[in-house]
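Raw contents of model-v8.cif, mmCIF, C-alpha atoms:
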data_coords
#
loop_
_atom_site.label_atom_id
_atom_site.label_comp_id
_atom_site.auth_asym_id
_atom_site.auth_seq_id
_atom_site.Cartn_x
_atom_site.Cartn_y
_atom_site.Cartn_z
CA MET T 1242 -101.24 0.73 80.13
CA GLN T 1243 -101.26 2.08 76.60
CA ARG T 1244 -99.92 -0.02 73.74
CA ILE T 1245 -97.96 1.23 70.72
CA GLY T 1246 -98.26 -0.36 67.29
CA PRO T 1247 -100.56 -1.22 64.42
CA GLY T 1248 -104.14 -2.30 64.57
CA GLY T 1249 -105.52 0.63 66.48
CA LEU T 1250 -102.80 0.81 69.09
CA HIS T 1251 -101.66 4.34 69.76
CA ALA T 1252 -98.67 6.07 71.24
CA PRO T 1253 -99.01 8.26 74.33
CA PRO T 1254 -99.50 11.98 73.71
CA GLY T 1255 -96.23 13.73 72.72
CA LEU T 1256 -94.50 10.52 71.59
CA VAL T 1257 -93.87 10.29 67.84
CA GLU T 1258 -94.56 6.85 66.47
CA PRO T 1259 -91.41 5.53 64.72
CA THR T 1260 -91.54 4.96 60.97
CA LEU T 1261 -89.22 3.11 58.58
CA THR T 1262 -88.55 6.20 56.49
CA GLY T 1263 -87.10 7.94 59.48
CA TYR T 1264 -84.13 5.57 59.40
CA LEU T 1265 -83.37 5.88 55.65
CA HIS T 1266 -81.08 8.42 54.00
CA ASP T 1267 -82.26 10.56 51.13
CA PRO T 1268 -81.28 8.71 47.88
CA ALA T 1269 -79.72 11.90 46.53
CA ASP T 1270 -77.45 12.06 49.59
CA VAL T 1271 -76.40 8.45 49.06
CA VAL T 1272 -75.47 9.10 45.42
CA SER T 1273 -73.64 12.31 46.33
CA GLY T 1274 -71.66 10.53 49.04
CA ALA T 1275 -70.74 7.69 46.68
CA ASN T 1276 -69.55 10.14 44.04
CA ALA T 1277 -67.44 11.96 46.61
CA MET T 1278 -65.83 8.68 47.68
CA ILE T 1279 -65.07 7.77 44.06
CA ALA T 1280 -63.56 11.20 43.43
CA LEU T 1281 -61.43 10.90 46.56
CA PHE T 1282 -60.24 7.46 45.52
CA ARG T 1283 -59.30 8.69 42.05
CA LEU T 1284 -57.43 11.67 43.47
CA SER T 1285 -55.54 9.44 45.90
CA TRP T 1286 -54.65 7.00 43.11
CA ARG T 1287 -53.45 9.86 40.89
CA LEU T 1288 -51.25 11.26 43.66
CA VAL T 1289 -49.75 7.83 44.27
CA ALA T 1290 -49.10 7.47 40.52
CA ILE T 1291 -47.39 10.88 40.39
CA LEU T 1292 -45.22 10.04 43.40
CA ASP T 1293 -44.31 6.69 41.84
CA PHE T 1294 -43.35 8.44 38.60
CA VAL T 1295 -41.21 11.05 40.37
CA LEU T 1296 -39.29 8.43 42.34
CA PHE T 1297 -38.88 6.24 39.25
CA THR T 1298 -37.55 9.24 37.30
CA LEU T 1299 -34.97 9.98 39.99
CA LEU T 1300 -33.80 6.37 39.88
CA LEU T 1301 -33.38 6.43 36.10
CA LEU T 1302 -31.57 9.77 36.19
CA VAL T 1303 -29.05 8.33 38.62
CA LEU T 1304 -28.58 5.22 36.48
CA ALA T 1305 -28.25 7.34 33.34
CA LEU T 1306 -25.11 8.91 34.80
CA LEU T 1307 -23.33 5.55 34.62
CA PRO T 1308 -21.50 4.31 31.48
CA LEU T 1309 -24.02 3.13 28.87
CA ARG T 1310 -22.21 -0.17 28.26
CA LEU T 1311 -22.78 -1.08 31.91
CA ILE T 1312 -26.42 -0.11 32.25
CA SER T 1313 -27.83 -0.84 28.78
CA PRO T 1314 -29.15 -4.40 29.43
CA LEU T 1315 -30.88 -3.24 32.61
CA PHE T 1316 -31.91 0.23 31.51
CA ARG T 1317 -34.12 -0.62 28.55
CA PRO T 1318 -36.64 -2.76 30.51
CA LEU T 1319 -36.67 -0.09 33.20
CA PHE T 1320 -37.29 2.56 30.55
CA HIS T 1321 -40.41 0.77 29.29
CA ALA T 1322 -41.67 0.43 32.88
CA TRP T 1323 -40.94 4.14 33.39
CA CYS T 1324 -43.04 4.96 30.33
CA ARG T 1325 -45.95 3.05 31.85
CA ALA T 1326 -45.48 5.01 35.08
CA PHE T 1327 -45.50 8.23 33.04
CA VAL T 1328 -48.81 7.21 31.41
CA ARG T 1329 -50.36 6.52 34.82
CA ALA T 1330 -49.12 9.85 36.21
CA LEU T 1331 -50.74 11.69 33.31
CA GLY T 1332 -54.00 9.85 34.01
CA VAL T 1333 -54.31 8.60 30.42
CA GLU T 1334 -56.40 5.51 29.70
CA LEU T 1335 -54.16 3.72 27.20
CA LYS T 1336 -56.06 1.02 25.29
CA LEU T 1337 -54.50 -1.57 22.97
CA HIS T 1338 -56.70 -2.95 20.18
CA GLN T 1339 -55.33 -6.06 18.44
CA HIS T 1340 -56.84 -6.37 14.97
CA TYR T 1341 -54.31 -8.89 13.65
CA ARG T 1342 -54.60 -12.67 13.58
CA GLY T 1343 -52.12 -14.90 15.35
CA HIS T 1344 -49.10 -13.29 17.00
CA LEU T 1345 -46.85 -10.37 16.27
CA PRO T 1346 -43.43 -11.28 14.82
CA ARG T 1347 -40.57 -11.49 17.27
CA HIS T 1348 -38.72 -8.65 15.53
CA TYR T 1349 -40.43 -5.81 13.67
CA VAL T 1350 -40.36 -2.20 12.54
CA LEU T 1351 -43.31 -0.42 14.13
CA VAL T 1352 -44.78 2.55 12.29
CA ALA T 1353 -47.53 4.88 13.51
CA ASN T 1354 -49.18 8.18 12.76
CA HIS T 1355 -47.94 11.00 14.95
CA PRO T 1356 -50.64 13.43 16.15
CA SER T 1357 -49.30 14.04 19.67
CA ALA T 1358 -46.19 14.10 21.83
CA PHE T 1359 -47.84 11.50 24.06
CA GLU T 1360 -46.87 8.55 21.83
CA ASP T 1361 -43.23 9.18 22.67
CA VAL T 1362 -44.07 7.41 25.95
CA GLY T 1363 -47.29 5.66 24.85
CA ILE T 1364 -45.63 3.48 22.21
CA PRO T 1365 -42.73 2.24 24.40
CA ALA T 1366 -45.19 1.74 27.26
CA LEU T 1367 -46.83 -1.00 25.16
CA PHE T 1368 -44.06 -2.23 22.86
CA PRO T 1369 -40.39 -3.21 23.54
CA VAL T 1370 -39.03 -0.85 20.90
CA ARG T 1371 -36.16 1.54 20.30
CA SER T 1372 -37.52 4.77 18.88
CA LEU T 1373 -36.26 7.24 16.31
CA ALA T 1374 -36.69 10.80 17.56
CA LYS T 1375 -35.71 14.29 16.50
CA ILE T 1376 -32.37 15.41 17.90
CA GLU T 1377 -34.08 18.09 20.03
CA VAL T 1378 -35.54 15.36 22.28
CA ALA T 1379 -32.03 14.59 23.55
CA ASP T 1380 -31.93 18.10 25.06
CA TRP T 1381 -35.33 17.94 26.76
CA TRP T 1382 -35.18 18.48 30.50
CA LEU T 1383 -34.90 15.12 32.34
CA VAL T 1384 -36.55 13.14 29.55
CA GLY T 1385 -33.64 13.71 27.16
CA ARG T 1386 -31.04 12.03 29.36
CA ILE T 1387 -33.33 9.06 29.93
CA ALA T 1388 -34.06 8.75 26.20
CA VAL T 1389 -30.36 8.69 25.37
CA ALA T 1390 -29.64 5.99 27.96
CA ALA T 1391 -32.58 3.94 26.64
CA GLY T 1392 -30.89 3.63 23.25
CA THR T 1393 -33.11 6.06 21.34
CA LEU T 1394 -31.91 6.80 17.80
CA PHE T 1395 -31.79 10.49 16.89
CA VAL T 1396 -31.96 12.41 13.64
CA LYS T 1397 -31.48 16.05 12.73
CA ARG T 1398 -34.30 16.44 10.25
CA GLU T 1399 -32.83 19.48 8.51
CA SER T 1400 -29.57 17.67 7.72
CA ALA T 1401 -29.33 15.29 4.76
CA ASP T 1402 -26.22 13.69 6.28
CA SER T 1403 -28.02 13.11 9.58
CA ARG T 1404 -31.02 11.58 7.82
CA LYS T 1405 -28.73 9.27 5.86
CA ALA T 1406 -26.88 8.21 9.01
CA ALA T 1407 -30.16 7.65 10.86
CA GLY T 1408 -31.45 5.53 7.98
CA GLN T 1409 -28.38 3.31 8.12
CA ALA T 1410 -28.70 3.08 11.93
CA LEU T 1411 -32.27 1.87 11.48
CA VAL T 1412 -31.21 -0.83 9.01
CA ASP T 1413 -28.38 -1.95 11.32
CA ALA T 1414 -30.69 -2.05 14.36
CA ALA T 1415 -33.31 -4.08 12.46
CA ARG T 1416 -30.66 -6.52 11.21
CA ALA T 1417 -29.36 -6.87 14.76
CA GLY T 1418 -32.83 -8.02 15.87
CA ASP T 1419 -33.99 -4.85 17.62
CA CYS T 1420 -37.64 -3.83 17.43
CA ILE T 1421 -37.66 -0.22 16.32
CA ALA T 1422 -40.39 2.41 16.12
CA LEU T 1423 -40.72 5.53 14.06
CA TYR T 1424 -43.26 7.86 12.50
CA PRO T 1425 -43.14 7.92 8.69
CA GLU T 1426 -44.91 11.28 8.49
CA GLY T 1427 -41.61 12.83 9.57
CA GLY T 1428 -42.87 14.46 12.78
CA CYS T 1429 -46.12 15.58 14.37
CA LYS T 1430 -48.45 16.71 11.59
CA GLY T 1431 -51.67 17.32 13.50
CA ARG T 1432 -54.88 15.37 13.88
CA ARG T 1433 -54.91 14.14 10.27
CA LEU T 1434 -52.29 12.36 8.19
CA ALA T 1435 -49.62 14.32 6.37
CA GLY T 1436 -49.73 14.27 2.59
CA ARG T 1437 -47.16 11.48 2.33
CA PHE T 1438 -44.91 9.05 4.19
CA PHE T 1439 -41.12 9.17 4.14
CA ASN T 1440 -39.05 6.15 3.15
CA GLY T 1441 -36.87 5.48 6.22
CA ALA T 1442 -39.00 2.88 8.00
CA PHE T 1443 -39.75 1.01 4.80
CA ILE T 1444 -36.13 0.95 3.66
CA ALA T 1445 -35.14 -0.46 7.05
CA SER T 1446 -37.84 -3.12 6.74
CA PHE T 1447 -37.14 -3.99 3.10
CA GLU T 1448 -33.34 -4.17 3.40
CA SER T 1449 -33.38 -6.16 6.64
CA GLY T 1450 -36.34 -8.40 5.76
CA THR T 1451 -38.09 -7.30 8.96
CA PRO T 1452 -41.91 -7.03 8.95
CA ILE T 1453 -43.68 -3.71 9.43
CA VAL T 1454 -46.20 -3.56 12.29
CA PRO T 1455 -48.64 -0.71 11.56
CA VAL T 1456 -50.30 1.03 14.52
CA PHE T 1457 -53.01 3.65 14.11
CA LEU T 1458 -53.23 6.11 17.01
CA HIS T 1459 -56.55 7.68 17.94
CA TYR T 1460 -57.05 10.12 20.83
CA GLN T 1461 -60.60 10.78 22.00
CA ALA T 1462 -59.74 14.33 23.13
CA GLN T 1463 -57.93 15.25 19.92
CA GLU T 1464 -57.61 18.95 20.67
CA GLU T 1465 -55.96 18.44 24.06
CA PHE T 1466 -53.57 15.76 22.78
CA GLU T 1467 -52.61 17.35 19.46
CA TRP T 1468 -49.02 18.56 19.35
CA ALA T 1469 -48.64 21.99 17.71
CA ASP T 1470 -45.17 23.00 18.89
CA GLN T 1471 -46.40 24.19 22.29
CA ASN T 1472 -44.17 24.28 25.32
CA ILE T 1473 -43.77 20.66 26.41
CA PHE T 1474 -44.93 21.37 29.97
CA LEU T 1475 -48.07 23.12 28.70
CA LYS T 1476 -48.82 20.14 26.48
CA LEU T 1477 -48.36 17.68 29.34
CA TRP T 1478 -50.71 19.78 31.48
CA GLN T 1479 -53.33 19.79 28.72
CA ILE T 1480 -53.08 16.00 28.42
CA ALA T 1481 -53.21 15.49 32.19
CA THR T 1482 -56.34 17.65 32.51
CA ALA T 1483 -58.14 16.44 29.37
CA ARG T 1484 -61.82 15.75 29.89
CA ASN T 1485 -61.62 12.41 28.10
CA PRO T 1486 -58.00 11.25 28.40
CA ARG T 1487 -58.34 8.04 26.40
CA ALA T 1488 -55.76 6.84 23.88
CA ASP T 1489 -56.70 4.02 21.50
CA TYR T 1490 -53.79 2.24 19.81
CA HIS T 1491 -54.98 -0.03 16.99
CA VAL T 1492 -52.49 -2.70 15.89
CA PHE T 1493 -53.10 -4.21 12.47
CA GLU T 1494 -51.79 -7.14 10.45
CA PRO T 1495 -48.00 -7.05 9.95
CA ILE T 1496 -46.75 -6.17 6.45
CA ASP T 1497 -44.26 -8.69 5.06
CA PRO T 1498 -41.51 -6.98 3.00
CA HIS T 1499 -41.04 -10.14 0.92
CA HIS T 1500 -44.41 -9.45 -0.72
CA PHE T 1501 -43.15 -6.23 -2.33
CA ASP T 1502 -40.68 -5.36 -5.06
CA SER T 1503 -39.37 -2.24 -3.34
CA ALA T 1504 -39.47 -0.13 -0.20
CA GLU T 1505 -41.35 2.50 -2.21
CA ALA T 1506 -44.12 0.00 -2.98
CA MET T 1507 -44.33 -0.89 0.73
CA LYS T 1508 -44.60 2.77 1.64
CA GLU T 1509 -47.41 3.46 -0.82
CA HIS T 1510 -49.30 0.37 0.37
CA ALA T 1511 -48.95 1.43 4.01
CA TYR T 1512 -50.09 4.98 3.28
CA ARG T 1513 -53.27 3.70 1.60
CA LEU T 1514 -53.96 1.56 4.67
CA TYR T 1515 -53.58 4.58 6.96
CA GLN T 1516 -55.91 6.63 4.79
CA GLY T 1517 -58.54 3.93 5.25
CA TRP T 1518 -58.02 3.80 9.01
CA GLN T 1519 -58.22 7.57 9.25
CA LYS T 1520 -61.59 7.47 7.51
CA ARG T 1521 -62.71 4.63 9.77
CA PHE T 1522 -61.71 6.17 13.11
CA LEU T 1523 -61.61 9.93 12.60
CA GLU T 1524 -64.02 10.94 9.87
#

Could you write out this structure as structure tokens?
Amino acid sequence: MQRIGPGGLHAPPGLVEPTLTGYLHDPADVVSGANAMIALFRLSWRLVAILDFVLFTLLLLVLALLPLRLISPLFRPLFHAWCRAFVRALGVELKLHQHYRGHLPRHYVLVANHPSAFEDVGIPALFPVRSLAKIEVADWWLVGRIAVAAGTLFVKRESADSRKAAGQALVDAARAGDCIALYPEGGCKGRRLAGRFFNGAFIASFESGTPIVPVFLHYQAQEEFEWADQNIFLKLWQIATARNPRADYHVFEPIDPHHFDSAEAMKEHAYRLYQGWQKRFLE
């Protein structure tokens, strides 16, 4: 009888002696298989997120058909949850960076730079705010009806009367205890700050005694996120397919209006802060 094994023992002719390496996979195959599984998981998660967003949108569209006085208390929390679903469907990694000490005030006027259309859902995804938007948003397909039902404030930028009415609406909303959000650049101005801020947010803060909460927005894939008056669907596609779809929202120390003599002084102080943050994060 022939024996098989170490120490001079041999296998019969024609029989291959088993080795450990014969039972192991090539490391490259293991890595490739793991990457494929991760990609499949991400695709499945993205499809689930898109389906969730579509169904959520249909629900809100149905609710938006009802009288606003009936749905308003329920609709606003749903709107903020819908914004979070929108962010997930786009595949954006939305990161909140809290640079302030203590806690945010209960009521505030949130201001932010405005490089992209994404913050129209990114800001309310993170903060319980009513936003000020250009009147054209009210006519956007699907989103417009939802924005109206969510209590969004609108302004026709080309109209002095509309700007005045919107300014008073902001003051009234702040005095009523609403958290409001707007972009003092006066619209999307590209990847860098506009040359100045407008007064509306600071007048609302100063006249109501409501603190300003400044948020600096930074997108890693600036080119894909930047809004330059493209078709809204094209812009959403560019965001959804960005190579690095990360959005960093930096929240800084609230600005107390009682420390200033005027809304103009608040505005100039805030603009200098944003210039410093732009240099810190973008230059």

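Distances from T:Thr1451, T:Asn1485, T:Tyr1490, T:His1344 to T:Ala1366 were compared using only C-alpha atoms, and the smallest one belongs to T:Tyr1490.
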
Output of the PyMOL selection byres ((chain T and resi 1394) around 12), listed as a PyMOL selection string: chain T and resi 1370-1379+1385+1388-1393+1395-1397+1403-1404+1406-1414+1419+1421-1423

Matched chain/residue IDs from the PyMOL selection byres ((chain T and resi 1327) around 10), as a PyMOL selection string: chain T and resi 1290-1291+1293-1295+1297-1298+1321-1326+1328-1333+1359+1362-1363+1366

Target residues per the PyMOL selection byres ((chain T and resi 1430-1444) around 10), formatted as a ChimeraX atom specification: /T:1350-1352,1354-1357,1373,1404-1405,1407-1409,1411-1412,1421-1429,1445-1453,1458-1460,1463-1464,1466-1469,1498,1503-1509,1511-1513,1515-1516,1519-1520,1523-1524

For atom CA of T:Ala1353 and atom CA of T:Glu1465, the interatomic separation in Å (one decimal): 19.1 Å

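Distances from T:Cys1420, T:Leu1319, T:Ala1269, T:Leu1300 to T:Pro1346 were compared using all atoms listed in the file, and the smallest one belongs to T:Cys1420.
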
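Proximity to T:Asp1497 was assessed for T:Phe1320, T:Tyr1349, T:Phe1368, T:Trp1478 counting only C-alpha atoms; the smallest distance is recorded for T:Tyr1349.
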
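Pairwise distance (atom CA of T:Ile1364, atom CA of T:Ala1280) equals 28.8 Å.
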
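What separates atom CA of T:Trp1286 from atom CA of T:Ala1481 is a distance of 13.9 Å.
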
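For the residues T:Leu1301, T:Leu1288, T:Ala1483, T:Ala1275, ranking by smallest atom-to-atom distance to T:Pro1318 using only C-alpha atoms places T:Leu1301 first.
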
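For the choices T:Asp1470, T:Glu1399, T:Asp1489, T:Glu1494, the atom-to-atom distance to T:Leu1367 is smallest for T:Asp1489 when using all atoms listed in the file.
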
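Of the residues listed (T:Ala1277, T:His1340, T:His1348, T:Ile1312), T:His1348 shows the shortest atom-to-atom separation from T:Arg1416; distances use only C-alpha atoms.
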
Completed stretch 1391-1415 of chain T (N, CA, C and O atoms) as a PDB file, in the coordinates of the input:
ATOM      1  N   ALA T1391     -31.707   5.032  27.064  1.00  0.00           N
ATOM      2  CA  ALA T1391     -32.580   3.940  26.640  1.00  0.00           C
ATOM      3  C   ALA T1391     -32.262   3.442  25.234  1.00  0.00           C
ATOM      4  O   ALA T1391     -32.894   2.508  24.752  1.00  0.00           O
ATOM      5  N   GLY T1392     -31.282   4.079  24.583  1.00  0.00           N
ATOM      6  CA  GLY T1392     -30.890   3.630  23.250  1.00  0.00           C
ATOM      7  C   GLY T1392     -31.700   4.246  22.125  1.00  0.00           C
ATOM      8  O   GLY T1392     -31.730   3.702  21.015  1.00  0.00           O
ATOM      9  N   THR T1393     -32.347   5.368  22.386  1.00  0.00           N
ATOM     10  CA  THR T1393     -33.110   6.060  21.340  1.00  0.00           C
ATOM     11  C   THR T1393     -32.176   6.481  20.210  1.00  0.00           C
ATOM     12  O   THR T1393     -31.049   6.918  20.444  1.00  0.00           O
ATOM     13  N   LEU T1394     -32.641   6.330  18.972  1.00  0.00           N
ATOM     14  CA  LEU T1394     -31.910   6.800  17.800  1.00  0.00           C
ATOM     15  C   LEU T1394     -32.371   8.216  17.478  1.00  0.00           C
ATOM     16  O   LEU T1394     -33.573   8.512  17.543  1.00  0.00           O
ATOM     17  N   PHE T1395     -31.436   9.084  17.125  1.00  0.00           N
ATOM     18  CA  PHE T1395     -31.790  10.490  16.890  1.00  0.00           C
ATOM     19  C   PHE T1395     -31.440  10.903  15.473  1.00  0.00           C
ATOM     20  O   PHE T1395     -30.523  10.370  14.858  1.00  0.00           O
ATOM     21  N   VAL T1396     -32.212  11.869  14.973  1.00  0.00           N
ATOM     22  CA  VAL T1396     -31.960  12.410  13.640  1.00  0.00           C
ATOM     23  C   VAL T1396     -32.172  13.915  13.660  1.00  0.00           C
ATOM     24  O   VAL T1396     -33.086  14.421  14.317  1.00  0.00           O
ATOM     25  N   LYS T1397     -31.305  14.616  12.958  1.00  0.00           N
ATOM     26  CA  LYS T1397     -31.480  16.050  12.730  1.00  0.00           C
ATOM     27  C   LYS T1397     -32.198  16.192  11.394  1.00  0.00           C
ATOM     28  O   LYS T1397     -31.605  15.986  10.325  1.00  0.00           O
ATOM     29  N   ARG T1398     -33.461  16.507  11.440  1.00  0.00           N
ATOM     30  CA  ARG T1398     -34.300  16.440  10.250  1.00  0.00           C
ATOM     31  C   ARG T1398     -33.847  17.378   9.136  1.00  0.00           C
ATOM     32  O   ARG T1398     -34.051  17.104   7.956  1.00  0.00           O
ATOM     33  N   GLU T1399     -33.226  18.497   9.516  1.00  0.00           N
ATOM     34  CA  GLU T1399     -32.830  19.480   8.510  1.00  0.00           C
ATOM     35  C   GLU T1399     -31.548  19.087   7.794  1.00  0.00           C
ATOM     36  O   GLU T1399     -31.181  19.718   6.803  1.00  0.00           O
ATOM     37  N   SER T1400     -30.863  18.063   8.267  1.00  0.00           N
ATOM     38  CA  SER T1400     -29.570  17.670   7.720  1.00  0.00           C
ATOM     39  C   SER T1400     -29.695  16.396   6.897  1.00  0.00           C
ATOM     40  O   SER T1400     -30.109  15.354   7.408  1.00  0.00           O
ATOM     41  N   ALA T1401     -29.299  16.474   5.623  1.00  0.00           N
ATOM     42  CA  ALA T1401     -29.330  15.290   4.760  1.00  0.00           C
ATOM     43  C   ALA T1401     -28.359  14.226   5.276  1.00  0.00           C
ATOM     44  O   ALA T1401     -28.660  13.023   5.232  1.00  0.00           O
ATOM     45  N   ASP T1402     -27.191  14.653   5.758  1.00  0.00           N
ATOM     46  CA  ASP T1402     -26.220  13.690   6.280  1.00  0.00           C
ATOM     47  C   ASP T1402     -26.759  12.975   7.514  1.00  0.00           C
ATOM     48  O   ASP T1402     -26.563  11.769   7.677  1.00  0.00           O
ATOM     49  N   SER T1403     -27.456  13.719   8.383  1.00  0.00           N
ATOM     50  CA  SER T1403     -28.020  13.110   9.580  1.00  0.00           C
ATOM     51  C   SER T1403     -29.126  12.128   9.214  1.00  0.00           C
ATOM     52  O   SER T1403     -29.228  11.041   9.798  1.00  0.00           O
ATOM     53  N   ARG T1404     -29.953  12.494   8.254  1.00  0.00           N
ATOM     54  CA  ARG T1404     -31.020  11.580   7.820  1.00  0.00           C
ATOM     55  C   ARG T1404     -30.437  10.305   7.225  1.00  0.00           C
ATOM     56  O   ARG T1404     -30.952   9.206   7.462  1.00  0.00           O
ATOM     57  N   LYS T1405     -29.367  10.440   6.457  1.00  0.00           N
ATOM     58  CA  LYS T1405     -28.730   9.270   5.860  1.00  0.00           C
ATOM     59  C   LYS T1405     -28.137   8.376   6.940  1.00  0.00           C
ATOM     60  O   LYS T1405     -28.287   7.141   6.899  1.00  0.00           O
ATOM     61  N   ALA T1406     -27.467   8.978   7.915  1.00  0.00           N
ATOM     62  CA  ALA T1406     -26.880   8.210   9.010  1.00  0.00           C
ATOM     63  C   ALA T1406     -27.954   7.525   9.847  1.00  0.00           C
ATOM     64  O   ALA T1406     -27.805   6.367  10.266  1.00  0.00           O
ATOM     65  N   ALA T1407     -29.059   8.234  10.087  1.00  0.00           N
ATOM     66  CA  ALA T1407     -30.160   7.650  10.860  1.00  0.00           C
ATOM     67  C   ALA T1407     -30.784   6.478  10.102  1.00  0.00           C
ATOM     68  O   ALA T1407     -31.130   5.451  10.695  1.00  0.00           O
ATOM     69  N   GLY T1408     -30.908   6.616   8.781  1.00  0.00           N
ATOM     70  CA  GLY T1408     -31.450   5.530   7.980  1.00  0.00           C
ATOM     71  C   GLY T1408     -30.592   4.280   8.072  1.00  0.00           C
ATOM     72  O   GLY T1408     -31.117   3.161   8.212  1.00  0.00           O
ATOM     73  N   GLN T1409     -29.276   4.459   7.999  1.00  0.00           N
ATOM     74  CA  GLN T1409     -28.380   3.310   8.120  1.00  0.00           C
ATOM     75  C   GLN T1409     -28.439   2.709   9.523  1.00  0.00           C
ATOM     76  O   GLN T1409     -28.392   1.483   9.694  1.00  0.00           O
ATOM     77  N   ALA T1410     -28.581   3.568  10.543  1.00  0.00           N
ATOM     78  CA  ALA T1410     -28.700   3.080  11.930  1.00  0.00           C
ATOM     79  C   ALA T1410     -29.956   2.247  12.100  1.00  0.00           C
ATOM     80  O   ALA T1410     -29.955   1.238  12.820  1.00  0.00           O
ATOM     81  N   LEU T1411     -31.034   2.644  11.427  1.00  0.00           N
ATOM     82  CA  LEU T1411     -32.270   1.870  11.480  1.00  0.00           C
ATOM     83  C   LEU T1411     -32.095   0.491  10.852  1.00  0.00           C
ATOM     84  O   LEU T1411     -32.538  -0.525  11.402  1.00  0.00           O
ATOM     85  N   VAL T1412     -31.453   0.452   9.685  1.00  0.00           N
ATOM     86  CA  VAL T1412     -31.210  -0.830   9.010  1.00  0.00           C
ATOM     87  C   VAL T1412     -30.354  -1.725   9.893  1.00  0.00           C
ATOM     88  O   VAL T1412     -30.643  -2.919  10.076  1.00  0.00           O
ATOM     89  N   ASP T1413     -29.286  -1.154  10.458  1.00  0.00           N
ATOM     90  CA  ASP T1413     -28.380  -1.950  11.320  1.00  0.00           C
ATOM     91  C   ASP T1413     -29.113  -2.468  12.551  1.00  0.00           C
ATOM     92  O   ASP T1413     -28.917  -3.626  12.951  1.00  0.00           O
ATOM     93  N   ALA T1414     -29.958  -1.621  13.162  1.00  0.00           N
ATOM     94  CA  ALA T1414     -30.690  -2.050  14.360  1.00  0.00           C
ATOM     95  C   ALA T1414     -31.677  -3.160  14.018  1.00  0.00           C
ATOM     96  O   ALA T1414     -31.822  -4.133  14.774  1.00  0.00           O
ATOM     97  N   ALA T1415     -32.362  -3.045  12.863  1.00  0.00           N
ATOM     98  CA  ALA T1415     -33.310  -4.080  12.460  1.00  0.00           C
ATOM     99  C   ALA T1415     -32.576  -5.391  12.165  1.00  0.00           C
ATOM    100  O   ALA T1415     -33.043  -6.473  12.544  1.00  0.00           O
TER     101      ALA T1415
END
